[in-house]
Amino acid sequence: MDQPGLDLRNLTYRMFVELGRAPSADEVAGTSGLSQDAVLAGWRRLHDTHALVLNPATAEIRMANPFSAVPTSYRVHADERWWYANCAWDAFGIGAALHVDGHIETSCPDCREPITVETLNQRPDDDHLLFHCLVPAAQWWNDILFT
Amino acid sequence: MNLFRSEEHIQRWLGGRDPGATITVTKICELAYAWWGDRLSADWQPHTRGQNQAILDTLGLVGEFWRLP
């Protein structure tokens, strides 16, 4: 990844955290001094290298992993804000990225009963829960939205 | 990539599909901190495949299922 790509990627992530949501291309353009087309082209290159994930229909940000730009079944309270995570792995990743403990709310995909997990000093408070990953690592990026 | 109450719930959710890999919530938390901990660093650089595979290997996530492409 070249320096302009790193700069755009880092600015996009920083704005995501500052705003508590995905920034628009227009917002990133306004902060970076790039044109909106340049931001969109840069995001496309970042998408192609798996540095973020764009919505295939709109070219807006869909994932800045571990953060989700859209509501999901994984809600995380961390650093005095609520976030959406892309999956259970990313739900723990939000606290990891922000360097804080977090509170995760979701539900069991089988029985739909609520599940809540607190992390304290990087450890979950309930060690009885299980994590299941359906897709092998070699195929994670074949369809990252499904993974 | 989901959290479940128990193995019984995983099997019922799979409904006959081939299972993937099941690990403890403690292990996925450890993996998350190792994988995502630098994500907001000002000097962030993309992880190489080797770096990511080493994270998985170090946590004991080995075998064909956890082999990155």
# chains A, B, ... in the order shown; residues from 1 in each chain; ligands from 1
$ residues_around --residues "B:Met1" --least-positions-apart "3" --cutoff "10 Å" --atoms "only C-alpha atoms" --output "number ranges by chain"
A: 86-90, 131-135, 146-147; B: 4, 20-22
$ select_by_dssp --residues "chain A" --states "alpha helix (DSSP H)" --output "PyMOL selection string"
chain A and resi 3-19+25-32+36-48+88-98
$ atom_distance --atom1 "atom CA of A:Ala138" --atom2 "atom CA of B:Glu64"
8.7 Å
$ residues_around --residues "A:Ala51" --least-positions-apart "4" --cutoff "8 Å" --atoms "only C-alpha atoms" --output "PDB file with all heavy atoms, in the first residue's frame"
ATOM      1  N   ARG A   9      -6.636   5.765   4.084  1.00  0.00           N
ATOM      2  CA  ARG A   9      -7.157   4.712   4.971  1.00  0.00           C
ATOM      3  C   ARG A   9      -7.158   5.185   6.432  1.00  0.00           C
ATOM      4  O   ARG A   9      -8.141   5.036   7.155  1.00  0.00           O
ATOM      5  CB  ARG A   9      -6.308   3.449   4.796  1.00  0.00           C
ATOM      6  CG  ARG A   9      -6.752   2.283   5.644  1.00  0.00           C
ATOM      7  CD  ARG A   9      -5.939   2.244   6.927  1.00  0.00           C
ATOM      8  NE  ARG A   9      -6.406   1.188   7.808  1.00  0.00           N
ATOM      9  CZ  ARG A   9      -6.285   1.211   9.135  1.00  0.00           C
ATOM     10  NH1 ARG A   9      -5.713   2.237   9.739  1.00  0.00           N
ATOM     11  NH2 ARG A   9      -6.739   0.231   9.861  1.00  0.00           N
ATOM     12  N   LEU A  46      -8.511   0.572  -1.760  1.00  0.00           N
ATOM     13  CA  LEU A  46      -8.448  -0.014  -0.416  1.00  0.00           C
ATOM     14  C   LEU A  46      -9.367  -1.226  -0.307  1.00  0.00           C
ATOM     15  O   LEU A  46      -9.027  -2.230   0.336  1.00  0.00           O
ATOM     16  CB  LEU A  46      -8.826   1.041   0.628  1.00  0.00           C
ATOM     17  CG  LEU A  46      -7.835   2.200   0.779  1.00  0.00           C
ATOM     18  CD1 LEU A  46      -8.429   3.298   1.665  1.00  0.00           C
ATOM     19  CD2 LEU A  46      -6.507   1.719   1.355  1.00  0.00           C
ATOM     20  N   HIS A  47     -10.509  -1.144  -0.947  1.00  0.00           N
ATOM     21  CA  HIS A  47     -11.437  -2.292  -0.975  1.00  0.00           C
ATOM     22  C   HIS A  47     -10.762  -3.485  -1.665  1.00  0.00           C
ATOM     23  O   HIS A  47     -10.840  -4.617  -1.179  1.00  0.00           O
ATOM     24  CB  HIS A  47     -12.708  -1.879  -1.736  1.00  0.00           C
ATOM     25  CG  HIS A  47     -13.664  -3.004  -2.010  1.00  0.00           C
ATOM     26  ND1 HIS A  47     -14.727  -3.311  -1.186  1.00  0.00           N
ATOM     27  CD2 HIS A  47     -13.708  -3.894  -3.030  1.00  0.00           C
ATOM     28  CE1 HIS A  47     -15.382  -4.348  -1.682  1.00  0.00           C
ATOM     29  NE2 HIS A  47     -14.796  -4.707  -2.802  1.00  0.00           N
ATOM     30  N   ALA A  64     -15.421  -0.992   7.967  1.00  0.00           N
ATOM     31  CA  ALA A  64     -14.039  -0.605   8.251  1.00  0.00           C
ATOM     32  C   ALA A  64     -13.671  -1.511   9.416  1.00  0.00           C
ATOM     33  O   ALA A  64     -13.715  -1.110  10.568  1.00  0.00           O
ATOM     34  CB  ALA A  64     -13.923   0.870   8.601  1.00  0.00           C
TER      35      ALA A  64
ATOM     36  N   PRO B  46      -0.595  -2.525   6.715  1.00  0.00           N
ATOM     37  CA  PRO B  46      -1.358  -3.758   6.495  1.00  0.00           C
ATOM     38  C   PRO B  46      -0.577  -4.972   7.001  1.00  0.00           C
ATOM     39  O   PRO B  46       0.639  -5.053   6.802  1.00  0.00           O
ATOM     40  CB  PRO B  46      -1.517  -3.816   4.975  1.00  0.00           C
ATOM     41  CG  PRO B  46      -1.186  -2.474   4.471  1.00  0.00           C
ATOM     42  CD  PRO B  46      -0.286  -1.822   5.467  1.00  0.00           C
TER      43      PRO B  46
END
$ atom_distance --atom1 "atom CA of A:Val53" --atom2 "atom CA of B:Asp57"
25.8 Å
$ residues_around --residues "A:Ile115" --least-positions-apart "3" --cutoff "12 Å" --atoms "only C-alpha atoms" --output "CSV table (one decimal) with N, CA, C and O atoms, in the first residue's frame"
chain,number,residue,atom,x,y,z
A,73,SER,N,-26.4,-7.5,14.1
A,73,SER,CA,-26.8,-8.2,15.3
A,73,SER,C,-25.7,-8.1,16.4
A,73,SER,O,-25.9,-8.7,17.5
A,74,TYR,N,-24.6,-7.5,16.2
A,74,TYR,CA,-23.6,-7.3,17.2
A,74,TYR,C,-23.4,-5.8,17.6
A,74,TYR,O,-22.8,-5.1,16.8
A,75,ARG,N,-24.0,-5.5,18.7
A,75,ARG,CA,-23.8,-4.1,19.2
A,75,ARG,C,-22.8,-4.1,20.3
A,75,ARG,O,-22.7,-5.0,21.1
A,76,VAL,N,-22.0,-3.1,20.3
A,76,VAL,CA,-20.8,-3.0,21.2
A,76,VAL,C,-20.8,-1.6,21.8
A,76,VAL,O,-20.9,-0.6,21.1
A,88,ALA,N,-19.0,-11.7,15.5
A,88,ALA,CA,-18.6,-11.9,16.9
A,88,ALA,C,-17.1,-11.5,17.1
A,88,ALA,O,-16.7,-10.9,18.1
A,103,HIS,N,-18.7,-3.8,26.1
A,103,HIS,CA,-19.9,-4.5,26.4
A,103,HIS,C,-20.6,-4.9,25.1
A,103,HIS,O,-20.9,-4.0,24.3
A,104,ILE,N,-20.7,-6.2,24.9
A,104,ILE,CA,-21.3,-6.7,23.7
A,104,ILE,C,-22.7,-7.2,23.9
A,104,ILE,O,-22.9,-7.9,24.9
A,105,GLU,N,-23.6,-6.9,23.0
A,105,GLU,CA,-25.0,-7.4,23.0
A,105,GLU,C,-25.3,-8.0,21.7
A,105,GLU,O,-25.1,-7.4,20.6
A,106,THR,N,-25.8,-9.3,21.8
A,106,THR,CA,-26.2,-10.0,20.6
A,106,THR,C,-27.2,-11.0,21.0
A,106,THR,O,-27.8,-10.9,22.1
A,107,SER,N,-27.5,-12.0,20.1
A,107,SER,CA,-28.4,-13.1,20.5
A,107,SER,C,-27.9,-14.3,19.9
A,107,SER,O,-27.2,-14.3,18.9
A,108,CYS,N,-28.2,-15.4,20.5
A,108,CYS,CA,-27.8,-16.7,20.0
A,108,CYS,C,-28.5,-17.0,18.6
A,108,CYS,O,-29.8,-16.9,18.6
A,109,PRO,N,-27.8,-17.3,17.6
A,109,PRO,CA,-28.4,-17.4,16.3
A,109,PRO,C,-29.4,-18.6,16.2
A,109,PRO,O,-30.3,-18.7,15.4
A,110,ASP,N,-29.3,-19.5,17.2
A,110,ASP,CA,-30.2,-20.7,17.2
A,110,ASP,C,-31.4,-20.4,18.0
A,110,ASP,O,-32.5,-20.5,17.4
A,111,CYS,N,-31.3,-20.0,19.2
A,111,CYS,CA,-32.5,-19.8,20.0
A,111,CYS,C,-33.0,-18.4,20.2
A,111,CYS,O,-34.1,-18.1,20.7
A,112,ARG,N,-32.2,-17.4,19.7
A,112,ARG,CA,-32.5,-16.0,19.7
A,112,ARG,C,-32.5,-15.4,21.1
A,112,ARG,O,-33.0,-14.2,21.3
A,118,GLU,N,-19.2,-8.9,28.7
A,118,GLU,CA,-18.3,-7.8,29.1
A,118,GLU,C,-16.9,-8.2,28.9
A,118,GLU,O,-16.6,-9.4,29.2
A,125,ASP,N,-16.2,-12.0,30.3
A,125,ASP,CA,-16.7,-12.3,31.7
A,125,ASP,C,-17.5,-13.6,31.7
A,125,ASP,O,-17.8,-14.1,32.8
A,126,ASP,N,-17.8,-14.2,30.6
A,126,ASP,CA,-18.5,-15.5,30.5
A,126,ASP,C,-17.8,-16.4,29.6
A,126,ASP,O,-17.8,-16.3,28.4
A,128,HIS,N,-18.3,-19.5,29.1
A,128,HIS,CA,-19.1,-20.7,28.7
A,128,HIS,C,-19.5,-20.6,27.2
A,128,HIS,O,-19.9,-21.6,26.6
A,129,LEU,N,-19.6,-19.4,26.7
A,129,LEU,CA,-20.1,-19.2,25.4
A,129,LEU,C,-19.1,-19.8,24.3
A,129,LEU,O,-17.9,-19.9,24.6
A,130,LEU,N,-19.6,-20.1,23.2
A,130,LEU,CA,-18.8,-20.7,22.1
A,130,LEU,C,-18.9,-19.8,20.9
A,130,LEU,O,-19.9,-19.2,20.6
B,2,ASN,N,-20.3,-16.3,14.7
B,2,ASN,CA,-21.3,-16.0,15.7
B,2,ASN,C,-21.0,-16.6,17.1
B,2,ASN,O,-20.2,-17.6,17.2
B,3,LEU,N,-21.6,-16.0,18.1
B,3,LEU,CA,-21.5,-16.6,19.4
B,3,LEU,C,-22.8,-17.4,19.7
B,3,LEU,O,-23.9,-17.0,19.3
B,4,PHE,N,-22.6,-18.5,20.4
B,4,PHE,CA,-23.7,-19.5,20.7
B,4,PHE,C,-23.6,-19.8,22.2
B,4,PHE,O,-22.6,-19.7,22.8
B,5,ARG,N,-24.8,-20.2,22.7
B,5,ARG,CA,-24.9,-20.6,24.1
B,5,ARG,C,-24.1,-21.9,24.4
B,5,ARG,O,-23.6,-22.1,25.5
B,6,SER,N,-24.1,-22.8,23.4
B,6,SER,CA,-23.5,-24.1,23.7
B,6,SER,C,-23.3,-24.9,22.4
B,6,SER,O,-23.9,-24.5,21.3
B,25,VAL,N,-15.1,-18.6,23.7
B,25,VAL,CA,-15.2,-17.1,23.6
B,25,VAL,C,-13.9,-16.5,24.1
B,25,VAL,O,-13.5,-15.4,23.6
$ interface_residues --of "chain B" --to "chain A" --cutoff "9 Å" --atoms "only C-alpha atoms" --output "PyMOL selection string"
chain B and resi 1-7+9-14+18-46+64-69
$ closest_residue --among "A:Gly20, A:Pro56, A:Gly102, A:Gly30" --to "A:Arg44" --atoms "only C-alpha atoms"
A:Pro56
$ atom_distance --atom1 "atom CA of A:Asp26" --atom2 "atom CA of A:Val70"
18.2 Å
$ select_by_dssp --residues "chain A" --states "strand (DSSP E or B)" --output "CSV table (one decimal) with C-alpha atoms, in the first residue's frame"
chain,number,residue,atom,x,y,z
A,53,VAL,CA,-15.2,-3.0,2.4
A,54,LEU,CA,-17.5,-0.9,0.2
A,61,ILE,CA,-18.2,2.2,3.2
A,62,ARG,CA,-19.9,-1.0,4.4
A,63,MET,CA,-17.1,-2.2,6.8
A,64,ALA,CA,-14.0,-0.6,8.3
A,67,PHE,CA,-16.5,-1.6,12.6
A,68,SER,CA,-19.7,-2.0,10.6
A,74,TYR,CA,-23.6,-7.3,17.2
A,75,ARG,CA,-23.8,-4.1,19.2
A,76,VAL,CA,-20.8,-3.0,21.2
A,77,HIS,CA,-20.6,-0.2,23.8
A,78,ALA,CA,-17.0,1.0,24.1
A,81,ARG,CA,-20.3,5.0,22.4
A,82,TRP,CA,-22.4,2.3,20.8
A,83,TRP,CA,-21.0,0.7,17.7
A,84,TYR,CA,-22.0,-2.1,15.3
A,85,ALA,CA,-19.6,-4.9,14.6
A,102,GLY,CA,-16.3,-3.3,25.9
A,103,HIS,CA,-19.9,-4.5,26.4
A,104,ILE,CA,-21.3,-6.7,23.7
A,105,GLU,CA,-25.0,-7.4,23.0
A,106,THR,CA,-26.2,-10.0,20.6
A,107,SER,CA,-28.4,-13.1,20.5
A,114,PRO,CA,-30.0,-12.4,24.3
A,115,ILE,CA,-26.3,-12.8,24.9
A,116,THR,CA,-24.3,-10.1,26.7
A,117,VAL,CA,-20.6,-10.2,27.2
A,118,GLU,CA,-18.3,-7.8,29.1
A,119,THR,CA,-14.6,-7.7,28.5
A,120,LEU,CA,-12.5,-6.8,31.5
A,123,ARG,CA,-11.0,-11.1,28.8
A,124,PRO,CA,-14.7,-12.0,28.5
A,130,LEU,CA,-18.8,-20.7,22.1
A,131,PHE,CA,-17.7,-19.0,18.9
A,132,HIS,CA,-18.4,-20.8,15.6
A,133,CYS,CA,-16.8,-19.9,12.3
$ residues_around --residues "A:Ala59" --least-positions-apart "6" --cutoff "12 Å" --atoms "only C-alpha atoms" --output "number ranges by chain"
A: 24-25, 36-37, 39-47, 52-53
$ write_last_selection --atoms "C-alpha atoms" --output "compact mmCIF listing (two decimals), in the first residue's frame"
# COMPACT_ATOMS: atom_id res chain seq x y z
CA SER A 24 -19.12 9.87 3.49
CA ALA A 25 -16.80 10.41 0.57
CA GLN A 36 -14.71 13.30 -3.97
CA ASP A 37 -13.80 11.27 -7.07
CA VAL A 39 -11.63 9.60 -2.40
CA LEU A 40 -13.95 7.15 -4.12
CA ALA A 41 -11.12 5.89 -6.33
CA GLY A 42 -8.87 5.54 -3.30
CA TRP A 43 -11.53 3.68 -1.37
CA ARG A 44 -11.92 1.31 -4.34
CA ARG A 45 -8.20 0.52 -4.19
CA LEU A 46 -8.45 -0.01 -0.42
CA HIS A 47 -11.44 -2.29 -0.98
CA LEU A 52 -11.97 -1.73 3.97
CA VAL A 53 -15.16 -2.99 2.36
